[in-house]
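*Asks:* I'm passing along start00.txt; it holds compact mmCIF, C-alpha atoms.
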# COMPACT_ATOMS: atom_id res chain seq x y z
CA MET A 1 10.93 6.01 2.63
CA LYS A 2 13.37 6.73 5.42
CA ALA A 3 13.26 5.54 9.00
CA ALA A 4 12.78 8.02 11.83
CA ALA A 5 15.78 10.10 12.89
CA ASN A 6 16.45 7.88 15.91
CA ASN A 7 16.51 4.89 13.55
CA GLU A 8 13.43 3.41 15.18
CA PRO A 9 10.15 3.00 13.30
CA PRO A 10 7.12 4.95 14.48
CA VAL A 11 4.61 3.43 16.86
CA PRO A 12 2.73 0.89 14.73
CA ARG A 13 -0.83 1.41 13.63
CA ILE A 14 -2.32 -2.06 13.81
CA ILE A 15 -5.05 -2.54 11.20
CA SER A 16 -6.24 -5.95 12.34
CA GLU A 17 -5.97 -7.87 15.58
CA ALA A 18 -6.07 -11.53 14.57
CA PRO A 19 -3.67 -12.19 13.05
CA LEU A 20 -1.48 -9.15 13.65
CA LEU A 21 -1.25 -6.71 10.75
CA PHE A 22 0.95 -3.63 10.76
CA SER A 23 0.08 -0.55 8.73
CA LEU A 24 2.04 -0.10 5.52
CA ASN A 25 3.84 2.93 6.96
CA HIS A 26 5.10 0.92 9.90
CA SER A 27 6.00 -2.06 7.72
CA LEU A 28 8.13 0.14 5.46
CA ALA A 29 9.84 1.68 8.47
CA LEU A 30 10.73 -1.77 9.81
CA ILE A 31 12.12 -2.79 6.42
CA ASP A 32 14.16 0.39 6.13
CA ARG A 33 15.66 -0.12 9.57
CA SER A 34 16.64 -3.74 8.93
CA PHE A 35 17.58 -3.74 5.25
CA GLY A 36 17.49 -0.23 3.85
CA ILE A 37 14.76 0.36 1.30
CA ASP A 38 17.11 2.18 -1.07
CA ARG A 39 19.57 -0.73 -0.98
CA ILE A 40 16.85 -3.20 -1.96
CA ILE A 41 15.43 -0.96 -4.69
CA ALA A 42 18.96 -0.62 -6.11
CA ASP A 43 18.68 -4.30 -7.16
CA SER A 44 15.85 -3.45 -9.57
CA GLY A 45 16.53 -4.96 -12.96
CA ASP A 46 19.31 -7.25 -11.74
CA GLU A 47 19.31 -10.97 -12.51
CA PHE A 48 19.65 -13.08 -9.36
CA VAL A 49 16.92 -15.73 -9.65
CA ASP A 50 19.45 -18.55 -9.34
CA SER A 51 21.02 -17.09 -6.18
CA TYR A 52 17.61 -16.34 -4.67
CA TYR A 53 16.35 -19.91 -5.02
CA ARG A 54 19.61 -21.45 -3.87
CA GLN A 55 19.62 -19.35 -0.72
CA SER A 56 15.86 -19.75 -0.14
CA LEU A 57 15.85 -23.54 -0.50
CA PRO A 58 15.89 -24.20 3.30
CA GLY A 59 12.83 -22.02 3.75
CA TYR A 60 10.83 -23.63 0.97
CA SER A 61 11.88 -27.17 1.81
CA ARG A 62 11.41 -27.02 5.60
CA LEU A 63 9.57 -23.91 6.80
CA TYR A 64 6.92 -22.58 4.42
CA ASN A 65 4.52 -25.56 4.25
CA PRO A 66 4.69 -29.37 4.68
CA TRP A 67 4.21 -30.06 0.95
CA GLN A 68 7.11 -27.86 -0.24
CA CYS A 69 4.81 -25.76 -2.41
CA MET A 70 6.57 -22.58 -3.54
CA HIS A 71 3.48 -20.49 -4.24
CA LEU A 72 0.55 -18.86 -2.43
CA PRO A 73 -2.38 -20.96 -1.25
CA LEU A 74 -5.82 -20.03 -2.61
CA HIS A 75 -8.57 -20.14 0.02
CA ASP A 76 -12.27 -19.85 -0.83
CA GLY A 77 -13.56 -20.35 2.70
CA THR A 78 -14.20 -24.08 2.35
CA LEU A 79 -10.76 -25.57 1.72
CA SER A 80 -8.33 -27.19 4.13
CA GLU A 81 -4.76 -25.88 4.16
CA SER A 82 -3.54 -28.66 1.86
CA GLU A 83 -6.47 -28.15 -0.52
CA ALA A 84 -5.70 -24.41 -0.63
CA PHE A 85 -2.05 -25.02 -1.53
CA PHE A 86 -3.13 -27.37 -4.32
CA ALA A 87 -6.02 -25.23 -5.56
CA GLN A 88 -4.02 -24.18 -8.63
CA ALA A 89 -3.17 -27.81 -9.39
CA SER A 90 -6.86 -28.71 -9.07
CA GLU A 91 -7.63 -26.13 -11.74
CA VAL A 92 -5.12 -27.86 -14.03
CA ALA A 93 -6.83 -31.21 -13.39
CA ARG A 94 -10.16 -29.67 -14.39
CA HIS A 95 -8.84 -29.26 -17.95
CA LEU A 96 -7.97 -32.94 -18.32
CA HIS A 97 -10.20 -35.79 -19.39
CA ASP A 98 -10.53 -39.36 -18.24
CA ARG A 99 -8.75 -40.95 -21.13
CA PRO A 100 -5.29 -42.55 -21.53
CA GLY A 101 -2.43 -40.95 -23.40
CA GLN A 102 -2.70 -37.45 -21.98
CA ARG A 103 0.48 -35.49 -21.22
CA VAL A 104 0.96 -32.46 -18.96
CA LEU A 105 3.97 -30.14 -18.69
CA GLU A 106 4.72 -27.96 -15.67
CA LEU A 107 6.94 -24.93 -16.24
CA GLY A 108 9.09 -23.88 -13.27
CA CYS A 109 8.09 -26.84 -11.09
CA GLY A 110 10.31 -25.89 -8.15
CA LEU A 111 10.51 -28.79 -5.70
CA GLY A 112 7.84 -30.62 -7.69
CA ALA A 113 4.88 -30.36 -5.31
CA ASN A 114 2.20 -29.71 -7.95
CA SER A 115 3.31 -32.35 -10.43
CA LEU A 116 3.76 -34.87 -7.61
CA HIS A 117 0.26 -34.14 -6.35
CA LEU A 118 -1.31 -34.42 -9.80
CA ALA A 119 0.62 -37.53 -10.84
CA GLY A 120 -0.52 -39.33 -7.72
CA ARG A 121 -4.11 -38.24 -8.27
CA LEU A 122 -4.22 -38.97 -12.03
CA PRO A 123 -2.23 -42.17 -12.72
CA HIS A 124 -3.56 -42.36 -16.30
CA VAL A 125 -1.90 -39.02 -17.20
CA SER A 126 1.84 -38.54 -17.86
CA PHE A 127 3.47 -35.52 -16.20
CA VAL A 128 6.76 -33.76 -16.92
CA GLY A 129 8.07 -31.07 -14.60
CA THR A 130 10.77 -28.68 -15.77
CA ASP A 131 12.81 -26.21 -13.74
CA LEU A 132 15.88 -24.09 -14.33
CA MET A 133 17.47 -25.13 -11.02
CA ASP A 134 19.29 -28.48 -11.10
CA GLN A 135 18.97 -28.77 -7.32
CA HIS A 136 15.19 -28.47 -7.57
CA VAL A 137 15.05 -31.11 -10.30
CA GLN A 138 17.18 -33.55 -8.31
CA ARG A 139 15.04 -33.21 -5.19
CA ALA A 140 11.78 -33.46 -7.11
CA SER A 141 13.02 -36.53 -8.99
CA ALA A 142 13.95 -38.25 -5.75
CA LYS A 143 10.46 -37.66 -4.35
CA GLY A 144 8.81 -38.89 -7.54
CA ARG A 145 10.66 -42.18 -7.99
CA ALA A 146 7.62 -44.25 -7.06
CA LEU A 147 5.41 -42.60 -9.69
CA PRO A 148 5.89 -44.17 -13.14
CA ASN A 149 3.82 -41.43 -14.81
CA LEU A 150 6.07 -38.59 -13.62
CA SER A 151 9.48 -37.29 -14.63
CA PHE A 152 11.46 -34.10 -14.06
CA ARG A 153 13.92 -32.35 -16.29
CA GLN A 154 16.18 -29.32 -16.07
CA ALA A 155 15.09 -26.79 -18.68
CA SER A 156 14.22 -23.13 -19.07
CA PHE A 157 10.70 -22.22 -20.18
CA GLU A 158 12.36 -19.68 -22.48
CA ASP A 159 14.22 -22.45 -24.31
CA LEU A 160 12.12 -25.60 -24.10
CA PRO A 161 13.78 -28.62 -25.73
CA GLU A 162 12.00 -29.75 -28.88
CA ASP A 163 12.18 -33.39 -27.81
CA LEU A 164 9.74 -32.74 -24.99
CA GLY A 165 7.01 -33.18 -27.57
CA GLN A 166 3.45 -31.90 -27.25
CA PHE A 167 1.09 -31.79 -24.31
CA ASP A 168 -2.62 -31.64 -23.56
CA ALA A 169 -1.99 -29.08 -20.83
CA ILE A 170 0.92 -26.82 -19.91
CA PHE A 171 0.85 -24.87 -16.68
CA GLY A 172 2.95 -22.41 -14.70
CA ILE A 173 2.25 -21.32 -11.12
CA GLU A 174 4.01 -18.10 -10.16
CA THR A 175 6.85 -18.81 -12.57
CA LEU A 176 6.15 -16.99 -15.86
CA CYS A 177 6.61 -13.70 -13.98
CA TYR A 178 10.33 -14.34 -14.60
CA ALA A 179 9.95 -14.31 -18.38
CA ASN A 180 11.99 -11.62 -20.11
CA ASP A 181 9.36 -11.25 -22.84
CA PRO A 182 5.98 -13.03 -22.82
CA GLY A 183 5.83 -13.10 -26.63
CA PRO A 184 8.50 -15.72 -27.40
CA VAL A 185 7.47 -17.81 -24.37
CA ALA A 186 3.84 -17.82 -25.52
CA ARG A 187 4.94 -18.99 -28.98
CA LEU A 188 7.00 -21.81 -27.44
CA ILE A 189 4.05 -22.88 -25.31
CA ALA A 190 1.78 -22.86 -28.38
CA ARG A 191 4.25 -25.04 -30.27
CA HIS A 192 4.28 -27.60 -27.46
CA LEU A 193 0.49 -27.74 -27.07
CA ARG A 194 -1.55 -30.36 -28.85
CA PRO A 195 -4.58 -29.06 -30.77
CA GLY A 196 -7.34 -28.52 -28.24
CA GLY A 197 -4.81 -28.30 -25.39
CA HIS A 198 -4.77 -25.65 -22.68
CA VAL A 199 -2.19 -23.45 -20.98
CA ILE A 200 -3.05 -22.49 -17.40
CA LEU A 201 -1.23 -19.61 -15.74
CA PHE A 202 -1.44 -18.34 -12.16
CA ASP A 203 0.57 -15.21 -11.42
CA ALA A 204 0.72 -11.68 -10.06
CA HIS A 205 0.49 -8.71 -12.43
CA ARG A 206 0.72 -4.95 -12.14
CA LYS A 207 -2.61 -3.20 -12.56
CA PRO A 208 -3.13 -0.52 -15.23
CA GLY A 209 -1.90 2.87 -14.02
CA PHE A 210 0.52 1.21 -11.62
CA GLU A 211 2.74 4.28 -11.17
CA GLY A 212 -0.32 6.36 -10.27
CA PHE A 213 -0.98 4.39 -7.08
CA PRO A 214 0.08 6.01 -3.76
CA THR A 215 3.87 6.25 -3.50
CA ASP A 216 4.14 3.94 -0.48
CA LEU A 217 2.17 1.22 -2.29
CA VAL A 218 4.34 1.53 -5.41
CA THR A 219 7.45 1.28 -3.20
CA ALA A 220 6.01 -1.74 -1.39
CA THR A 221 5.27 -3.45 -4.70
CA LYS A 222 8.81 -2.92 -5.96
CA LEU A 223 10.11 -4.31 -2.67
CA TYR A 224 7.85 -7.34 -3.02
CA GLU A 225 8.96 -7.94 -6.60
CA ILE A 226 12.68 -7.62 -5.90
CA THR A 227 12.60 -9.73 -2.73
CA THR A 228 10.87 -12.54 -4.65
CA ALA A 229 13.55 -12.22 -7.37
CA VAL A 230 11.21 -10.62 -9.95
CA ALA A 231 13.66 -7.76 -10.17
CA ARG A 232 12.33 -6.43 -13.51
CA GLY A 233 8.86 -6.14 -12.00
CA PHE A 234 5.71 -8.14 -12.64
CA HIS A 235 4.29 -8.02 -16.13
CA ASP A 236 1.43 -5.63 -16.74
CA GLU A 237 -2.09 -6.99 -16.47
CA GLY A 238 -3.24 -8.08 -19.92
CA ARG A 239 0.25 -8.71 -21.29
CA TRP A 240 -0.05 -12.51 -21.22
CA GLN A 241 -3.48 -12.45 -22.83
CA GLN A 242 -2.00 -10.38 -25.68
CA ALA A 243 0.96 -12.76 -26.02
CA PHE A 244 -1.21 -15.88 -26.08
CA ALA A 245 -3.57 -14.35 -28.66
CA ALA A 246 -0.62 -13.32 -30.85
CA ALA A 247 0.68 -16.91 -30.62
CA GLY A 248 -2.60 -18.20 -32.06
CA LEU A 249 -4.17 -19.29 -28.77
CA GLU A 250 -7.72 -18.48 -27.69
CA VAL A 251 -7.88 -16.89 -24.23
CA THR A 252 -10.82 -18.55 -22.48
CA ALA A 253 -10.39 -17.13 -18.96
CA ALA A 254 -8.68 -14.18 -17.31
CA GLU A 255 -9.96 -14.19 -13.76
CA ASP A 256 -8.94 -12.04 -10.80
CA VAL A 257 -8.52 -14.44 -7.87
CA THR A 258 -6.74 -11.98 -5.55
CA GLU A 259 -9.40 -12.38 -2.85
CA GLN A 260 -8.40 -16.02 -2.49
CA THR A 261 -4.84 -15.02 -1.52
CA LEU A 262 -6.02 -13.08 1.55
CA ALA A 263 -5.60 -15.83 4.13
CA GLY A 264 -2.16 -16.83 2.87
CA LEU A 265 -0.83 -13.29 2.62
CA THR A 266 -2.23 -12.39 6.03
CA GLN A 267 -0.52 -15.40 7.57
CA LEU A 268 2.78 -14.51 5.89
CA HIS A 269 2.51 -10.94 7.16
CA SER A 270 1.89 -12.18 10.69
CA ARG A 271 4.93 -14.47 10.49
CA ALA A 272 7.08 -11.69 9.09
CA THR A 273 6.23 -9.32 11.94
CA LYS A 274 8.11 -11.68 14.25
CA ALA A 275 11.21 -11.52 12.07
CA PHE A 276 11.25 -7.72 12.42
CA THR A 277 10.11 -7.32 16.03
CA GLN A 278 11.47 -10.25 18.03
CA ARG A 279 15.10 -9.83 19.03
CA LYS A 280 16.24 -13.38 18.19
CA TRP A 281 14.78 -13.13 14.70
CA ARG A 282 16.14 -9.65 14.13
CA LEU A 283 19.59 -10.99 14.96
CA ALA A 284 19.03 -14.01 12.71
CA LEU A 285 18.21 -11.73 9.76
CA LYS A 286 21.67 -10.22 10.07
CA VAL A 287 23.45 -13.56 9.56
CA MET A 288 21.10 -15.25 7.08
CA PRO A 289 22.09 -15.28 3.40
CA ARG A 290 21.00 -12.02 1.79
CA TYR A 291 18.18 -13.24 -0.45
CA PHE A 292 16.88 -15.76 2.08
CA ALA A 293 16.59 -13.02 4.71
CA ARG A 294 14.77 -10.73 2.29
CA ASN A 295 11.86 -13.16 2.09
CA ALA A 296 10.76 -11.50 5.33
CA VAL A 297 10.31 -8.27 3.38
CA ALA A 298 8.01 -9.96 0.87
CA GLY A 299 6.06 -11.49 3.74
CA LEU A 300 5.56 -8.12 5.39
CA VAL A 301 4.34 -6.17 2.33
CA GLY A 302 2.58 -8.87 0.28
CA TYR A 303 -0.74 -8.22 2.02
CA HIS A 304 -0.54 -4.49 1.30
CA VAL A 305 0.31 -4.75 -2.39
CA CYS A 306 -2.81 -6.84 -2.98
CA PHE A 307 -5.23 -5.35 -0.45
CA GLY A 308 -4.08 -1.80 0.26
CA ASP A 309 -3.65 -0.16 3.66
CA ARG A 310 -7.10 0.10 5.15
CA THR A 311 -8.79 -1.52 8.14
CA ALA A 312 -10.68 -3.81 5.79
CA PRO A 313 -8.80 -5.49 2.92
CA ASP A 314 -9.88 -4.20 -0.48
CA THR A 315 -8.56 -5.67 -3.72
CA ARG A 316 -9.37 -2.38 -5.49
CA LEU A 317 -6.74 -0.56 -3.43
CA GLY A 318 -3.77 -2.82 -4.14
CA PRO A 319 -1.52 -2.21 -7.19
CA ILE A 320 -1.20 -5.96 -7.82
CA THR A 321 -3.75 -8.47 -9.05
CA TYR A 322 -3.33 -12.23 -8.75
CA GLN A 323 -4.82 -13.87 -11.83
CA LYS A 324 -5.78 -17.16 -13.36
CA ILE A 325 -5.35 -17.07 -17.13
CA VAL A 326 -6.36 -19.96 -19.40
CA ALA A 327 -5.80 -20.17 -23.16
CA ARG A 328 -6.63 -22.93 -25.63
CA LYS A 329 -4.99 -24.06 -28.84
CA PRO A 330 -7.67 -24.40 -31.52
CA ALA A 331 -8.45 -27.96 -32.58
CA ALA A 332 -6.97 -28.97 -35.91
Translate this structure into structure tokens?
*Replies:*
Amino acid sequence: MKAAANNEPPVPRIISEAPLLFSLNHSLALIDRSFGIDRIIADSGDEFVDSYYRQSLPGYSRLYNPWQCMHLPLHDGTLSESEAFFAQASEVARHLHDRPGQRVLELGCGLGANSLHLAGRLPHVSFVGTDLMDQHVQRASAKGRALPNLSFRQASFEDLPEDLGQFDAIFGIETLCYANDPGPVARLIARHLRPGGHVILFDAHRKPGFEGFPTDLVTATKLYEITTAVARGFHDEGRWQQAFAAAGLEVTAAEDVTEQTLAGLTQLHSRATKAFTQRKWRLALKVMPRYFARNAVAGLVGYHVCFGDRTAPDTRLGPITYQKIVARKPAA
């Protein structure tokens, strides 16, 4: 997609009034003017997760939400903002029982928000959070000092240390999208699960027939993936279920919860419009670190890749589905 000849995007078609939503065509034109769509797409397949999170740390630690969650909130129409951001963690808690000795492992814990929340809520359960980024682990550890049932450790989910032991639940929230190959990761998870234990995954996946979606939506999805550092693209829908089954786990749930991301993605889109249309923010984008600035791109197109480009949001029209997947290790 190229910007207009005068380098200005076309007059926007607004598809909702409150909050402000630009049409996909206008959103892509704004992105092309500020960043160059071809320049972003050229990063497809590159490995820059470390740089992305280092540069984006100020945004996640101070701007995105007060709890330093690094994922989308899930709203069902009844939850407060804090409850929506911890909806995924609440699903993890649902798979635990009120008995001592339980252990839970979080993969890709980021700044530790979910494990901190759960450890405070469930003092009889031991929690371990792992993350690839040492800076994340240090900050999470500092926040968790007062919780004796919580620890953090630097580790990759693709090379989990054997001495971590086994767990009653293992979960990853918008982190296993970075896996090179779900197969070996699923086998590692299975090895670290106790019999009867569960793995709980929340993540975005490409729908079947992804390349057959309208060109602008495919482009928007690739922009969203790259600007959230998933430069190889999200895994195809169904791939994790196959990997868990091949690893000997029983898939007990594979639920499309995309509708619950609507409020969060709409809010992010509304915020991002300011970055592209207000002069002070447009100037700020030019001096921000590259990957930090590109978060504005993800904010602008995230709504469209899940809900399409119509007046009313429709999960059937977006190329991306946001899923909850649960698998269980058979009891011995």
*Asks:* Work out how far atom CA of Pro214 of chain A is from atom CA of Thr227 of chain A, in Å to one decimal.
*Replies:*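 Answer for the atom CA of Thr227 of chain A to atom CA of Pro214 of chain A separation: 20.1 Å.
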*Asks:* Mind running segment 139-199 of chain A against segment 309-326 of chain A at 12 Å and telling me each contacting residue's nearest atom pair with the distance in Å (one decimal), counting only C-alpha atoms, chain and number ascending, as CSV?
*Replies:*
residue,atom,partner,partner_atom,distance
A:Ala169,CA,A:Val326,CA,10.2
A:Ile170,CA,A:Val326,CA,10.0
A:Phe171,CA,A:Val326,CA,9.1
A:Gly172,CA,A:Ile325,CA,10.2
A:Ile173,CA,A:Lys324,CA,9.3
A:Glu174,CA,A:Tyr322,CA,9.5
A:Leu176,CA,A:Ile325,CA,11.6
A:Cys177,CA,A:Tyr322,CA,11.3
A:Gly197,CA,A:Val326,CA,10.4
A:His198,CA,A:Val326,CA,6.8
A:Val199,CA,A:Val326,CA,5.7
*Asks:* Separation of atom CA of Glu255 of chain A and atom CA of Leu300 of chain A, in Å?
*Replies:*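 Atom-to-atom, atom CA of Glu255 of chain A to atom CA of Leu300 of chain A, that is 25.4 Å.
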*Asks:* Compare A:Leu105, A:Ala93, A:Ala272, A:Ala231 by their minimum atom-to-atom distance to His117 of chain A, counting all atoms listed in the file, and give me the closest one.
*Replies:*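 Between A:Leu105, A:Ala93, A:Ala272, A:Ala231, the residue approaching His117 of chain A most closely is A:Ala93.
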*Asks:* Name the closest residue to Gln68 of chain A among the candidates A:Val104, A:Ser27, A:Arg139, A:Gly45; distances are taken between atoms, counting only C-alpha atoms.
*Replies:*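 Closest residue, counting only C-alpha atoms: A:Arg139.
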*Asks:* Any idea what the distance is between atom CA of Ala293 of chain A and atom CA of Ser141 of chain A?
*Replies:*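 Taking atom CA of Ala293 of chain A as the start and atom CA of Ser141 of chain A as the end point, the length is 27.4 Å.
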*Asks:* Taking (10.9, -5.1, -2.5) in the file's own coordinates, collect the residues within 12 Å, counting only C-alpha atoms, and hand them back as number ranges by chain.
*Replies:* A: 27-28, 31-32, 35-45, 216-234, 291, 294-302, 305
*Asks:* Point out the residue among A:Ser80, A:His71, A:Asp168, A:Ser90 with the least atom-to-atom distance to Leu268 of chain A, counting only C-alpha atoms.
*Replies:*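 Counting only C-alpha atoms, the residue closest to Leu268 of chain A is A:His71.
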*Asks:* Please determine, counting all atoms listed in the file, which residue among A:Arg103, A:Ser156, A:Ala84, A:Gly110 has the shortest atom-to-atom distance to Gln138 of chain A.
*Replies:*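 Ranked by minimum distance to Gln138 of chain A, first place goes to A:Gly110.
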*Asks:* Pick the closest to Asp134 of chain A from A:Leu111, A:Ala146, A:Leu118, A:Ala247: which is it, counting all atoms listed in the file?
*Replies:*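 Of A:Leu111, A:Ala146, A:Leu118, A:Ala247, the one nearest Asp134 of chain A is A:Leu111, counting all atoms listed in the file.
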*Asks:* Smallest atom-to-atom distance to Trp240 of chain A: which of A:Val137, A:Ala119, A:Ala113, A:Ala179, using all atoms listed in the file?
*Replies:*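 Closest to Trp240 of chain A, using all atoms listed in the file: A:Ala179.
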*Asks:* Just the residues within 12 Å of Glu81 of chain A, please, counting all atoms listed in the file, with nothing from its chain fewer than 2 positions along; format it as a PyMOL selection string.
*Replies:* chain A and resi 65-67+69+72-79+83-87+263-264+267
*Asks:* Any chance you could model N, CA and C atoms for segment 271-287 of chain A and send them as a tab-separated table (two decimals), in the frame of the given file?
*Replies:*
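Output file out.tsv follows:
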chain	number	residue	atom	x	y	z
A	271	ARG	N	3.63	-13.82	10.25
A	271	ARG	CA	4.93	-14.47	10.49
A	271	ARG	C	6.07	-13.48	10.36
A	272	ALA	N	5.99	-12.63	9.35
A	272	ALA	CA	7.08	-11.69	9.09
A	272	ALA	C	7.23	-10.66	10.19
A	273	THR	N	6.11	-10.29	10.85
A	273	THR	CA	6.23	-9.32	11.94
A	273	THR	C	7.18	-9.81	13.02
A	274	LYS	N	7.20	-11.12	13.24
A	274	LYS	CA	8.11	-11.68	14.25
A	274	LYS	C	9.56	-11.50	13.84
A	275	ALA	N	9.83	-11.66	12.55
A	275	ALA	CA	11.21	-11.52	12.07
A	275	ALA	C	11.73	-10.10	12.29
A	276	PHE	N	10.83	-9.12	12.28
A	276	PHE	CA	11.25	-7.72	12.42
A	276	PHE	C	11.12	-7.19	13.84
A	277	THR	N	10.37	-7.88	14.70
A	277	THR	CA	10.11	-7.32	16.03
A	277	THR	C	10.65	-8.15	17.18
A	278	GLN	N	10.92	-9.42	16.96
A	278	GLN	CA	11.47	-10.25	18.03
A	278	GLN	C	12.99	-10.28	17.91
A	279	ARG	N	13.65	-10.05	19.04
A	279	ARG	CA	15.10	-9.83	19.03
A	279	ARG	C	15.85	-10.99	18.39
A	280	LYS	N	15.48	-12.23	18.72
A	280	LYS	CA	16.24	-13.38	18.19
A	280	LYS	C	16.12	-13.46	16.67
A	281	TRP	N	14.95	-13.09	16.15
A	281	TRP	CA	14.78	-13.13	14.70
A	281	TRP	C	15.45	-11.94	14.02
A	282	ARG	N	15.44	-10.80	14.69
A	282	ARG	CA	16.14	-9.65	14.13
A	282	ARG	C	17.63	-9.93	14.02
A	283	LEU	N	18.18	-10.61	15.02
A	283	LEU	CA	19.59	-10.99	14.96
A	283	LEU	C	19.83	-12.04	13.87
A	284	ALA	N	18.88	-12.97	13.73
A	284	ALA	CA	19.03	-14.01	12.71
A	284	ALA	C	19.04	-13.41	11.31
A	285	LEU	N	18.24	-12.37	11.08
A	285	LEU	CA	18.21	-11.73	9.76
A	285	LEU	C	19.58	-11.20	9.37
A	286	LYS	N	20.36	-10.81	10.35
A	286	LYS	CA	21.67	-10.22	10.07
A	286	LYS	C	22.68	-11.25	9.60
A	287	VAL	N	22.47	-12.53	9.93
A	287	VAL	CA	23.45	-13.56	9.56
A	287	VAL	C	22.93	-14.50	8.47
